[in-house]
file start.cif (mmCIF, C-alpha atoms)
data_structure
#
loop_
_atom_site.label_atom_id
_atom_site.label_comp_id
_atom_site.auth_asym_id
_atom_site.auth_seq_id
_atom_site.Cartn_x
_atom_site.Cartn_y
_atom_site.Cartn_z
CA MET A 1 -69.20 127.01 90.43
CA VAL A 2 -65.43 127.30 90.87
CA LEU A 3 -63.79 124.16 92.19
CA SER A 4 -60.72 124.24 94.43
CA GLY A 5 -57.55 122.34 93.59
CA ASP A 6 -58.58 119.70 96.12
CA ALA A 7 -62.01 119.24 94.60
CA LEU A 8 -60.58 119.10 91.08
CA ALA A 9 -57.97 116.53 92.09
CA ALA A 10 -60.57 114.36 93.82
CA ARG A 11 -63.03 114.58 90.93
CA ALA A 12 -60.38 113.92 88.28
CA SER A 13 -59.10 110.96 90.30
CA ALA A 14 -62.58 109.47 90.65
CA ILE A 15 -63.22 109.74 86.92
CA GLY A 16 -59.77 108.46 85.99
CA PHE A 17 -59.99 105.59 88.47
CA PHE A 18 -63.28 104.44 86.96
CA VAL A 19 -62.09 104.78 83.35
CA LEU A 20 -58.75 103.02 83.89
CA PHE A 21 -60.23 100.00 85.64
CA PRO A 22 -63.89 98.99 85.15
CA GLY A 23 -64.15 101.41 82.23
CA PHE A 24 -61.18 99.69 80.58
CA ILE A 25 -63.02 96.35 80.54
CA LEU A 26 -66.27 97.86 79.26
CA TYR A 27 -64.48 99.82 76.54
CA HIS A 28 -62.45 96.90 75.19
CA THR A 29 -65.41 94.55 75.27
CA LEU A 30 -67.51 97.01 73.27
CA VAL A 31 -64.66 97.40 70.77
CA ALA A 32 -64.33 93.60 70.52
CA MET A 33 -68.07 93.29 69.91
CA GLY A 34 -67.85 95.87 67.12
CA LEU A 35 -70.25 98.24 68.89
CA ILE A 36 -67.79 101.15 69.07
CA PRO A 37 -64.56 102.02 67.23
CA ALA A 38 -61.22 101.97 69.03
CA PHE A 39 -61.25 105.76 69.32
CA LEU A 40 -58.97 105.71 72.39
CA GLY A 41 -56.51 103.12 71.10
CA GLY A 42 -55.60 100.90 74.05
CA LEU A 43 -57.26 103.44 76.43
CA PHE A 44 -54.94 102.90 79.41
CA GLY A 45 -52.05 104.83 77.86
CA VAL A 46 -54.11 107.66 76.40
CA VAL A 47 -56.03 108.24 79.62
CA SER A 48 -52.84 107.96 81.71
CA VAL A 49 -51.15 110.68 79.68
CA VAL A 50 -54.19 112.94 80.09
CA MET A 51 -54.22 112.26 83.84
CA PHE A 52 -50.47 112.94 84.01
CA VAL A 53 -50.99 116.40 82.50
CA ILE A 54 -53.88 117.12 84.90
CA TYR A 55 -51.88 115.96 87.92
CA CYS A 56 -48.84 118.01 86.92
CA ALA A 57 -51.07 121.09 87.00
CA LEU A 58 -52.73 120.15 90.29
CA LEU A 59 -49.84 118.57 92.19
CA PRO A 60 -48.36 121.82 93.59
CA SER A 61 -51.60 122.42 95.51
CA GLN A 62 -51.48 118.88 96.91
CA LEU A 63 -47.84 118.61 97.93
CA TYR A 64 -48.01 120.24 101.34
CA ALA A 65 -50.69 117.96 102.78
CA LEU A 66 -49.17 114.95 101.02
CA LEU A 67 -45.70 115.52 102.44
CA ALA A 68 -46.81 116.77 105.85
CA SER A 69 -49.35 114.07 106.64
CA THR A 70 -47.63 110.87 105.53
CA ARG A 71 -44.69 110.83 107.94
CA GLY A 72 -42.11 110.95 105.17
CA TYR A 73 -43.64 108.09 103.15
CA ALA A 74 -44.71 110.27 100.22
CA LEU A 75 -41.33 112.01 100.21
CA VAL A 76 -39.53 108.68 99.91
CA THR A 77 -41.86 107.72 97.05
CA LEU A 78 -41.09 110.92 95.16
CA VAL A 79 -37.37 110.43 95.84
CA PHE A 80 -37.64 106.95 94.35
CA PHE A 81 -39.26 108.36 91.21
CA ALA A 82 -36.49 110.96 90.87
CA TYR A 83 -33.81 108.33 91.48
CA VAL A 84 -35.18 106.04 88.76
CA LEU A 85 -35.35 108.90 86.25
CA LEU A 86 -31.83 110.09 87.01
CA TRP A 87 -30.47 106.53 86.95
CA ALA A 88 -31.97 105.87 83.54
CA ALA A 89 -30.84 109.21 82.11
CA ALA A 90 -27.30 108.76 83.48
CA ASN A 91 -26.95 105.29 81.99
CA TYR A 92 -28.20 106.49 78.63
CA GLY A 93 -25.90 109.51 78.74
CA LEU A 94 -22.82 107.46 79.67
CA VAL A 95 -23.38 104.47 77.41
CA GLY A 96 -25.78 105.52 74.66
CA GLY A 97 -26.88 103.23 71.86
CA GLY A 98 -30.13 101.56 70.89
CA VAL A 99 -30.36 99.30 73.94
CA MET A 100 -29.99 102.19 76.39
CA ARG A 101 -32.44 104.27 74.42
CA ALA A 102 -35.07 101.51 74.52
CA ALA A 103 -34.45 101.01 78.25
CA LEU A 104 -34.75 104.77 78.89
CA ILE A 105 -38.06 104.95 77.02
CA GLN A 106 -39.39 101.94 78.91
CA THR A 107 -38.41 103.56 82.21
CA ILE A 108 -40.01 106.90 81.33
CA GLU A 109 -43.23 105.15 80.29
CA THR A 110 -43.24 103.28 83.59
CA LEU A 111 -42.60 106.48 85.55
CA VAL A 112 -45.59 108.19 83.92
CA LEU A 113 -47.83 105.29 84.93
CA TRP A 114 -46.33 105.20 88.44
CA MET A 115 -46.90 108.91 88.93
CA VAL A 116 -50.49 108.73 87.70
CA LEU A 117 -51.44 105.71 89.79
CA PHE A 118 -49.67 107.04 92.89
CA VAL A 119 -51.50 110.37 92.83
CA MET A 120 -54.74 108.67 91.83
CA GLY A 121 -54.46 106.26 94.75
CA TYR A 122 -53.78 109.21 97.05
CA ARG A 123 -56.69 111.39 95.87
CA VAL A 124 -59.44 108.96 94.87
CA PRO A 125 -62.50 109.52 97.11
CA LEU A 126 -63.01 105.90 98.14
CA THR A 127 -66.38 106.34 99.80
CA SER A 128 -67.93 108.67 97.25
CA PRO A 129 -71.46 107.25 96.78
CA ARG A 130 -71.39 107.99 93.05
CA LEU A 131 -68.07 106.24 92.56
CA VAL A 132 -69.17 103.21 94.58
CA ARG A 133 -72.42 103.02 92.62
CA ALA A 134 -70.58 103.27 89.29
CA PHE A 135 -68.22 100.45 90.27
CA TRP A 136 -71.13 98.24 91.36
CA ILE A 137 -72.95 98.83 88.07
CA ALA A 138 -69.81 98.00 86.12
CA PHE A 139 -69.21 94.84 88.17
CA VAL A 140 -72.77 93.61 87.61
CA LEU A 141 -72.46 94.23 83.85
CA ILE A 142 -69.09 92.49 83.63
CA ALA A 143 -70.04 89.46 85.74
CA GLY A 144 -73.41 89.18 83.98
CA TYR A 145 -71.81 89.26 80.54
CA LEU A 146 -69.28 86.59 81.50
CA LEU A 147 -72.05 84.37 82.90
CA PHE A 148 -73.91 84.83 79.61
CA HIS A 149 -70.72 83.96 77.72
CA VAL A 150 -70.37 80.65 79.59
CA ALA A 151 -74.05 79.81 79.18
CA THR A 152 -74.07 80.44 75.43
CA THR A 153 -70.64 79.15 74.40
CA GLY A 154 -69.70 76.61 77.08
CA GLU A 155 -66.21 78.18 77.18
CA TRP A 156 -64.60 78.87 80.57
CA MET A 157 -62.26 81.55 79.30
CA PHE A 158 -63.16 84.91 77.79
CA PHE A 159 -60.61 86.04 75.25
CA ALA A 160 -61.81 89.31 73.74
CA ARG A 161 -59.40 89.31 70.80
CA ARG A 162 -61.11 86.23 69.38
CA MET A 163 -64.28 88.24 68.91
CA ILE A 164 -62.78 90.59 66.35
CA GLU A 165 -61.09 90.20 62.98
CA ALA A 166 -57.38 89.42 63.20
CA GLU A 167 -56.21 92.67 61.63
CA ALA A 168 -58.16 94.69 64.18
CA GLY A 169 -57.17 92.53 67.15
CA GLU A 170 -54.37 94.87 68.22
CA ASN A 171 -57.03 97.38 69.25
CA VAL A 172 -58.38 94.98 71.88
CA SER A 173 -56.60 94.22 75.14
CA THR A 174 -55.02 90.89 75.99
CA TYR A 175 -56.25 88.96 79.00
CA GLN A 176 -53.54 90.65 81.08
CA GLY A 177 -55.08 94.10 80.67
CA TYR A 178 -58.51 92.72 81.51
CA ALA A 179 -57.22 90.93 84.62
CA ARG A 180 -55.37 94.01 85.87
CA SER A 181 -58.54 96.10 85.71
CA ALA A 182 -60.80 93.40 87.15
CA LEU A 183 -58.43 92.88 90.08
CA VAL A 184 -58.52 96.57 91.07
CA LEU A 185 -62.30 96.64 90.60
CA LEU A 186 -62.66 93.78 93.09
CA LEU A 187 -60.18 95.23 95.59
CA PHE A 188 -62.12 98.49 95.61
CA LEU A 189 -65.53 96.87 96.10
CA ILE A 190 -64.28 94.63 98.91
CA ALA A 191 -62.82 97.70 100.64
CA VAL A 192 -65.97 99.81 100.47
CA SER A 193 -68.41 96.99 101.30
CA GLN A 194 -69.32 96.50 104.94
CA ARG A 195 -71.57 93.44 105.15
CA ALA A 196 -70.12 89.93 105.35
CA VAL A 197 -72.68 88.49 102.93
CA VAL A 198 -71.87 91.16 100.33
CA ARG A 199 -68.17 90.46 100.60
CA ALA A 200 -68.84 86.73 100.33
CA GLY A 201 -70.81 87.25 97.13
CA LEU A 202 -68.06 89.48 95.78
CA ILE A 203 -65.42 86.84 96.44
CA VAL A 204 -67.38 84.04 94.78
CA LEU A 205 -68.39 86.09 91.74
CA GLY A 206 -64.97 87.75 91.69
CA ALA A 207 -63.23 84.37 91.59
CA PHE A 208 -65.45 83.44 88.64
CA VAL A 209 -64.61 86.70 86.82
CA MET A 210 -60.87 86.32 87.41
CA PHE A 211 -60.98 82.67 86.31
CA MET A 212 -62.79 83.59 83.11
CA LEU A 213 -60.22 86.23 82.23
CA GLY A 214 -57.44 83.65 82.32
CA ALA A 215 -54.57 85.45 84.10
CA ARG A 216 -53.26 82.96 86.63
CA SER A 217 -51.22 85.30 88.80
CA GLU A 218 -54.08 87.77 89.32
CA LEU A 219 -56.57 84.94 89.97
CA TYR A 220 -54.51 83.27 92.67
CA ALA A 221 -53.46 86.57 94.22
CA PHE A 222 -57.15 87.47 94.55
CA LEU A 223 -57.98 84.09 96.06
CA GLY A 224 -55.04 84.38 98.46
CA LEU A 225 -56.13 87.84 99.57
CA SER A 226 -59.72 86.67 100.04
CA LEU A 227 -58.61 83.76 102.19
CA VAL A 228 -56.39 86.02 104.33
CA LEU A 229 -59.08 88.65 104.83
CA LEU A 230 -61.82 86.17 105.66
CA THR A 231 -59.55 84.21 107.99
CA LEU A 232 -58.53 87.36 109.88
CA TRP A 233 -62.09 88.65 110.06
CA ALA A 234 -63.33 85.18 111.10
CA GLY A 235 -61.25 85.49 114.26
CA LEU A 236 -63.22 88.59 115.18
CA SER A 237 -66.73 87.66 114.12
CA VAL A 238 -68.83 84.50 113.98
CA LYS A 239 -70.60 85.73 110.85
CA TYR A 240 -67.25 86.00 109.05
CA LEU A 241 -66.31 82.50 110.21
CA LEU A 242 -69.54 81.23 108.67
CA THR A 243 -68.87 83.34 105.61
CA LEU A 244 -65.41 81.83 105.21
CA LEU A 245 -66.78 78.29 105.43
CA ALA A 246 -69.58 79.12 103.00
CA VAL A 247 -67.24 80.67 100.44
CA ILE A 248 -64.86 77.70 100.57
CA ALA A 249 -67.78 75.28 100.23
CA VAL A 250 -69.24 77.14 97.22
CA LEU A 251 -65.89 77.36 95.43
CA ILE A 252 -65.17 73.66 96.01
CA ALA A 253 -68.65 72.72 94.81
CA LEU A 254 -68.23 74.78 91.64
CA VAL A 255 -64.84 73.26 90.83
CA VAL A 256 -66.04 69.70 91.50
CA SER A 257 -69.24 70.12 89.49
CA GLN A 258 -67.41 71.60 86.50
CA PHE A 259 -64.14 69.72 86.85
CA GLU A 260 -64.22 68.11 83.40
CA SER A 261 -64.76 71.47 81.75
CA LEU A 262 -62.07 73.15 83.85
CA ALA A 263 -59.42 70.41 83.87
CA GLY A 264 -57.81 71.54 80.63
CA SER A 265 -57.82 75.24 81.41
CA ARG A 266 -54.59 77.22 81.72
CA GLN A 267 -55.70 78.39 85.17
CA LEU A 268 -55.40 74.87 86.60
CA GLN A 269 -52.00 74.38 84.99
CA VAL A 270 -50.62 76.04 88.11
CA PHE A 271 -50.72 72.60 89.75
CA ASP A 272 -48.27 71.28 87.14
CA LEU A 273 -46.20 74.23 85.98
CA SER A 274 -43.18 72.16 85.04
CA GLY A 275 -44.84 71.19 81.78
CA THR A 276 -45.89 74.67 80.66
CA SER A 277 -43.81 76.64 78.19
CA SER A 278 -44.52 80.00 79.85
CA TRP A 279 -43.23 78.76 83.21
CA LEU A 280 -40.06 77.37 81.64
CA ALA A 281 -39.49 80.65 79.81
CA ARG A 282 -39.93 82.60 83.06
CA GLN A 283 -37.46 80.33 84.80
CA ASN A 284 -34.88 81.09 82.12
CA LEU A 285 -35.50 84.82 82.35
CA GLY A 286 -35.18 84.69 86.13
CA GLN A 287 -31.91 82.78 85.92
CA ARG A 288 -30.50 85.35 83.50
CA ALA A 289 -31.45 88.14 85.91
CA VAL A 290 -29.68 86.36 88.79
CA GLU A 291 -26.54 86.04 86.67
CA GLN A 292 -26.62 89.75 85.82
CA ILE A 293 -27.09 90.68 89.49
CA LEU A 294 -24.24 88.44 90.62
CA ALA A 295 -22.00 90.00 87.98
CA ASN A 296 -22.67 93.47 89.43
CA PRO A 297 -24.64 93.28 92.70
CA LEU A 298 -24.41 96.99 93.53
CA LEU A 299 -25.27 98.62 90.23
CA GLY A 300 -27.07 95.86 88.37
CA ARG A 301 -27.19 96.19 84.59
CA PHE A 302 -29.56 98.85 83.34
CA GLY A 303 -31.40 97.55 80.28
CA GLY A 304 -29.82 94.13 80.76
CA HIS A 305 -33.02 92.36 79.77
CA ILE A 306 -32.98 94.19 76.43
CA GLY A 307 -29.26 93.73 75.88
CA SER A 308 -29.54 89.96 76.32
CA THR A 309 -32.35 89.33 73.84
CA GLY A 310 -33.12 92.60 72.09
CA LEU A 311 -36.69 92.50 73.46
CA THR A 312 -38.18 94.94 75.97
CA GLY A 313 -40.40 92.16 77.32
CA SER A 314 -37.60 89.76 78.22
CA TYR A 315 -37.31 90.89 81.86
CA ALA A 316 -37.45 88.63 84.90
CA HIS A 317 -41.05 88.23 86.03
CA SER A 318 -40.30 89.19 89.60
CA MET A 319 -38.86 91.99 91.71
CA LEU A 320 -35.38 90.91 90.55
CA SER A 321 -36.02 92.99 87.43
CA ALA A 322 -35.81 96.08 89.67
CA TRP A 323 -32.36 95.06 90.86
CA VAL A 324 -31.14 94.44 87.32
CA ASN A 325 -32.39 97.79 86.04
CA TYR A 326 -31.97 100.16 88.98
CA GLY A 327 -29.30 98.60 91.15
CA LEU A 328 -29.44 97.55 94.79
CA LEU A 329 -30.69 100.92 96.03
CA GLY A 330 -33.49 101.03 93.45
CA PHE A 331 -34.47 97.47 94.35
CA ALA A 332 -34.54 98.31 98.07
CA LEU A 333 -36.70 101.40 97.52
CA TYR A 334 -39.07 99.60 95.15
CA VAL A 335 -39.68 96.64 97.44
CA GLY A 336 -39.46 98.71 100.61
CA LEU A 337 -42.25 101.10 99.59
CA THR A 338 -44.68 98.21 99.12
CA ALA A 339 -43.48 96.35 102.20
CA ILE A 340 -43.88 99.43 104.42
CA ALA A 341 -47.34 100.13 103.01
CA PHE A 342 -48.38 96.52 103.55
CA LEU A 343 -47.03 96.32 107.10
CA GLY A 344 -48.40 99.74 108.03
CA SER A 345 -51.90 98.97 106.79
CA THR A 346 -51.77 95.52 108.40
CA TYR A 347 -50.92 97.11 111.74
CA ARG A 348 -53.73 99.67 111.49
CA MET A 349 -56.32 97.09 110.43
CA PHE A 350 -55.53 94.21 112.75
CA ALA A 351 -53.60 95.69 115.67
CA CYS A 352 -55.49 98.97 115.95
CA GLY A 353 -58.82 97.59 114.75
CA ASP A 354 -59.31 100.32 112.12
CA ARG A 355 -61.76 98.98 109.51
CA ALA A 356 -62.11 102.16 107.44
CA ALA A 357 -62.34 101.64 103.70
CA TRP A 358 -59.02 103.38 103.01
CA TRP A 359 -57.11 100.96 105.26
CA VAL A 360 -58.80 97.89 103.76
CA PHE A 361 -58.01 99.14 100.25
CA ALA A 362 -54.40 99.94 101.16
CA PHE A 363 -53.93 96.53 102.79
CA SER A 364 -55.55 94.63 99.93
CA THR A 365 -53.71 96.45 97.15
CA ASN A 366 -50.30 96.18 98.78
CA PHE A 367 -50.81 92.54 99.80
CA VAL A 368 -51.58 91.60 96.20
CA CYS A 369 -48.77 93.73 94.79
CA LEU A 370 -46.15 92.42 97.22
CA LEU A 371 -47.16 88.83 96.50
CA LEU A 372 -47.01 89.30 92.74
CA MET A 373 -43.79 91.31 92.86
CA VAL A 374 -42.16 88.32 94.53
CA LEU A 375 -43.69 85.66 92.31
CA ALA A 376 -44.79 86.95 88.94
CA LYS A 377 -44.56 90.64 88.04
CA PRO A 378 -41.67 92.82 86.83
CA VAL A 379 -40.70 96.29 87.99
CA PHE A 380 -42.50 97.69 84.93
CA TRP A 381 -45.88 96.49 86.23
CA PRO A 382 -47.57 99.73 87.32
CA LEU A 383 -50.02 98.60 90.03
CA PRO A 384 -47.60 98.85 93.02
CA ALA A 385 -47.77 102.63 92.62
CA LEU A 386 -51.53 102.47 93.21
CA GLY A 387 -50.77 100.68 96.48
CA TRP A 388 -48.27 103.39 97.47
CA GLY A 389 -50.89 106.06 96.78
CA ALA A 390 -53.57 104.11 98.65
CA PHE A 391 -51.34 103.98 101.73
CA ALA A 392 -50.66 107.73 101.52
CA ASN A 393 -54.42 108.24 101.15
CA ALA A 394 -55.06 106.23 104.32
CA LEU A 395 -52.38 108.09 106.30
CA VAL A 396 -53.80 111.49 105.37
CA ALA A 397 -57.41 110.43 105.95
CA ALA A 398 -56.57 108.95 109.35
CA ARG A 399 -54.80 112.13 110.38
CA GLN A 400 -57.72 114.28 109.26
CA GLU A 401 -60.16 112.07 111.12
CA ARG A 402 -58.02 112.24 114.26
CA ASP A 403 -57.75 116.04 113.99
CA ALA A 404 -61.50 116.35 113.48
CA THR A 405 -62.12 114.17 116.53
CA THR A 406 -59.76 116.09 118.79
CA GLY A 407 -60.73 119.48 117.40
CA GLN A 408 -57.12 120.28 116.56
CA ALA A 409 -56.10 121.75 113.24
CA GLY A 410 -53.74 119.24 111.61
CA ALA A 411 -51.40 119.66 108.70
CA GLY A 412 -53.98 118.64 106.13
CA HIS A 413 -57.15 119.69 108.01
CA ASP A 414 -57.89 122.54 105.63
CA GLU A 415 -58.57 120.18 102.75
CA PRO A 416 -62.32 119.65 102.51
CA GLY A 417 -61.99 117.79 99.23
CA GLN A 418 -59.22 115.47 100.34
CA HIS A 419 -61.44 112.57 101.31
CA TYR A 420 -65.17 112.15 101.30
CA ALA A 421 -64.51 109.50 103.90
CA ALA A 422 -63.12 112.01 106.38
CA GLY A 423 -66.58 113.48 106.67
CA ASP A 424 -68.46 110.28 105.81
CA ILE A 425 -66.80 107.48 107.75
CA GLN A 426 -67.55 104.75 106.18
CA GLY A 427 -53.62 86.40 74.00
CA ARG A 428 -50.30 86.80 75.68
CA ASN A 429 -48.18 89.82 74.92
CA ASP A 430 -44.42 90.30 75.08
CA ASN A 431 -44.99 92.84 77.80
CA GLU A 432 -47.24 92.45 80.80
CA SER A 433 -45.71 95.43 82.48
CA GLY A 434 -48.16 98.09 81.47
CA THR A 435 -45.47 100.18 79.78
CA PRO A 436 -46.83 99.43 76.28
CA ASP A 437 -49.94 101.28 77.47
CA LEU A 438 -48.13 104.47 76.47
CA SER A 439 -47.47 103.11 72.99
CA PRO A 440 -49.97 101.96 70.34
CA SER A 441 -50.66 98.78 72.30
CA ALA A 442 -53.73 96.85 73.27
CA LEU A 443 -52.77 96.51 76.92
#
call {"tool": "encode", "arguments": {"input": "start.cif", "output": "structure tokens"}}
result
Amino acid sequence: MVLSGDALAARASAIGFFVLFPGFILYHTLVAMGLIPAFLGGLFGVVSVVMFVIYCALLPSQLYALLASTRGYALVTLVFFAYVLLWAAANYGLVGGGVMRAALIQTIETLVLWMVLFVMGYRVPLTSPRLVRAFWIAFVLIAGYLLFHVATTGEWMFFARRMIEAEAGENVSTYQGYARSALVLLLFLIAVSQRAVVRAGLIVLGAFVMFMLGARSELYAFLGLSLVLLTLWAGLSVKYLLTLLAVIAVLIALVVSQFESLAGSRQLQVFDLSGTSSWLARQNLGQRAVEQILANPLLGRFGGHIGSTGLTGSYAHSMLSAWVNYGLLGFALYVGLTAIAFLGSTYRMFACGDRAAWWVFAFSTNFVCLLLMVLAKPVFWPLPALGWGAFANALVAARQERDATTGQAGAGHDEPGQHYAAGDIQGRNDNESGTPDLSPSAL
């Protein structure tokens, strides 16, 4: 059987999406347990490079529908990618030196991840039964293993690197890589689930999983999203109102019953951040970024975070890092792409009443990304690109569905493989950016 470019892109995206997110957790846990060798290194980088090559071959066949059906959104995204590449290359060409070289490499690594996650978000068949089933199986295995870990060890944090000998620990991801993958896993399952009770169970078990993995920003972003979704849905349905109350009651009961065990955890340090070294360090990095922006508000200071400390991980943990590295225009494009995707999906979900899986996924991903871009994550964190792709996915799917309903041939109507949903409606590391994923890194 010969597959079309559409079918190949959708199938490759489904496989890559599974491997990069739930597959990432399963792989690193098996490596940590000594059951398999680290034959893919850190996995995320190796798989991303493979996906980049595949997408470069398939992208020409996808560009017309992508550009024609997204009302200019995809074009702006691609312009942003080109701008960032040219900006980095120009700065390196004009200034040169080790700092500019390191900054250029970091930018290119980030661009590869952005491109992969953008196209993946655009082409992943969200309602593919096989993909949904695979994600559910992975979630059950992950949640079950973490429950077993608590029951047998009494520890309320799972740190995979502690399971393996120190010299081999670099082959196992830090908690940040785990949390990134678990967050996307949960966003996907919430989007494709339809029943209130299923979503309630996902939120409760998902909160447990995120708590166990120890990344505070991802945990509280997930809880914030869950509260927003349930509150908005509660206004439309009594069952969701009851679900919201039940979820809150269960989470409070769990925290109260296990308070002594949880009181010393890093996750609850969020209620007293002033005494934590990581928060103080982030405050200093943020202040340095503000100083660099004020010194040159239009152009920023490309590679300024490296020039100040010599470390590629010394960026501001917020969207200010985009302003420092790519100037005011780069900052506006970076934040604007996520803001537009968030507002557009919010409008479709809650003003137009569209509850399709692609809109829920686009809303959820961009809500979380926008929140963390403001509060905790640098420009080198790759997940916003998944949100941009998810919004493009939703725009194209909605147009196809509208064309199918009206019987008119739309710009992307000749793409049978574009979306299954169109026919079937319904340890701390220096870098938490994701860019080390393209180097021999555990993330």
call {"tool": "closest_residue", "arguments": {"input": "start.cif", "among": "A:Tyr347, A:Phe222, A:Tyr240, A:Trp136", "to": "A:Leu371", "atoms": "all atoms listed in the file"}}
result
A:Phe222
call {"tool": "closest_residue", "arguments": {"input": "start.cif", "among": "A:Leu117, A:Ile293, A:Leu126, A:Val250", "to": "A:Ala356", "atoms": "only C-alpha atoms"}}
result
A:Leu126
call {"tool": "closest_residue", "arguments": {"input": "start.cif", "among": "A:Arg195, A:Arg101, A:Arg11, A:Arg123", "to": "A:Gln62", "atoms": "all atoms listed in the file"}}
result
A:Arg123
call {"tool": "resolve_selection", "arguments": {"input": "start.cif", "expression": "the PyMOL selection byres ((chain A and resi 39) around 12)", "output": "list in words"}}
result
Tyr27, His28, Leu30, Val31, Leu35, Ile36, Pro37, Ala38, Leu40, Gly41, Gly42, Leu43, Val46, Val47, Asn171, Val172 and Pro440 of chain A
call {"tool": "residues_around", "arguments": {"input": "start.cif", "residues": "stretch 388-393 of chain A", "least_positions_apart": "3", "cutoff": "8 Å", "atoms": "all atoms listed in the file", "output": "compact mmCIF listing (two decimals) with C-alpha atoms, in the coordinates of the input"}}
result
# COMPACT_ATOMS: atom_id res chain seq x y z
CA LEU A 66 -49.17 114.95 101.02
CA THR A 70 -47.63 110.87 105.53
CA TYR A 73 -43.64 108.09 103.15
CA ALA A 74 -44.71 110.27 100.22
CA THR A 77 -41.86 107.72 97.05
CA LEU A 117 -51.44 105.71 89.79
CA PHE A 118 -49.67 107.04 92.89
CA VAL A 119 -51.50 110.37 92.83
CA MET A 120 -54.74 108.67 91.83
CA GLY A 121 -54.46 106.26 94.75
CA TYR A 122 -53.78 109.21 97.05
CA ARG A 123 -56.69 111.39 95.87
CA LEU A 337 -42.25 101.10 99.59
CA THR A 338 -44.68 98.21 99.12
CA ALA A 341 -47.34 100.13 103.01
CA SER A 345 -51.90 98.97 106.79
CA TRP A 358 -59.02 103.38 103.01
CA TRP A 359 -57.11 100.96 105.26
CA PHE A 361 -58.01 99.14 100.25
CA ALA A 362 -54.40 99.94 101.16
CA PHE A 363 -53.93 96.53 102.79
CA THR A 365 -53.71 96.45 97.15
CA ASN A 366 -50.30 96.18 98.78
CA PRO A 384 -47.60 98.85 93.02
CA ALA A 385 -47.77 102.63 92.62
CA VAL A 396 -53.80 111.49 105.37
CA ALA A 397 -57.41 110.43 105.95
call {"tool": "atom_distance", "arguments": {"input": "start.cif", "atom1": "atom CA of A:Ala221", "atom2": "atom CA of A:Leu183"}}
result
9.0 Å
call {"tool": "residues_around", "arguments": {"input": "start.cif", "residues": "A:Tyr220", "least_positions_apart": "5", "cutoff": "9 Å", "atoms": "all atoms listed in the file", "output": "ChimeraX atom specification"}}
result
/A:207,210,215,225
call {"tool": "closest_residue", "arguments": {"input": "start.cif", "among": "A:Tyr326, A:Phe302, A:Tyr55, A:Phe158", "to": "A:Ala82", "atoms": "all atoms listed in the file"}}
result
A:Tyr326
call {"tool": "closest_residue", "arguments": {"input": "start.cif", "among": "A:Thr153, A:Thr29, A:Thr406, A:Asn325", "to": "A:Tyr175", "atoms": "only C-alpha atoms"}}
result
A:Thr29
call {"tool": "residues_around", "arguments": {"input": "start.cif", "residues": "A:Arg133", "least_positions_apart": "6", "cutoff": "10 Å", "atoms": "only C-alpha atoms", "output": "short mmCIF file (atom, residue, chain, number, x, y, z; two decimals) with C-alpha atoms, in the coordinates of the input"}}
result
data_model
loop_
_atom_site.label_atom_id
_atom_site.label_comp_id
_atom_site.auth_asym_id
_atom_site.auth_seq_id
_atom_site.Cartn_x
_atom_site.Cartn_y
_atom_site.Cartn_z
CA THR A 127 -66.38 106.34 99.80
CA PHE A 139 -69.21 94.84 88.17
CA LEU A 189 -65.53 96.87 96.10
#
call {"tool": "atom_distance", "arguments": {"input": "start.cif", "atom1": "atom CA of A:Ala68", "atom2": "atom CA of A:Phe367"}}
result
25.3 Å
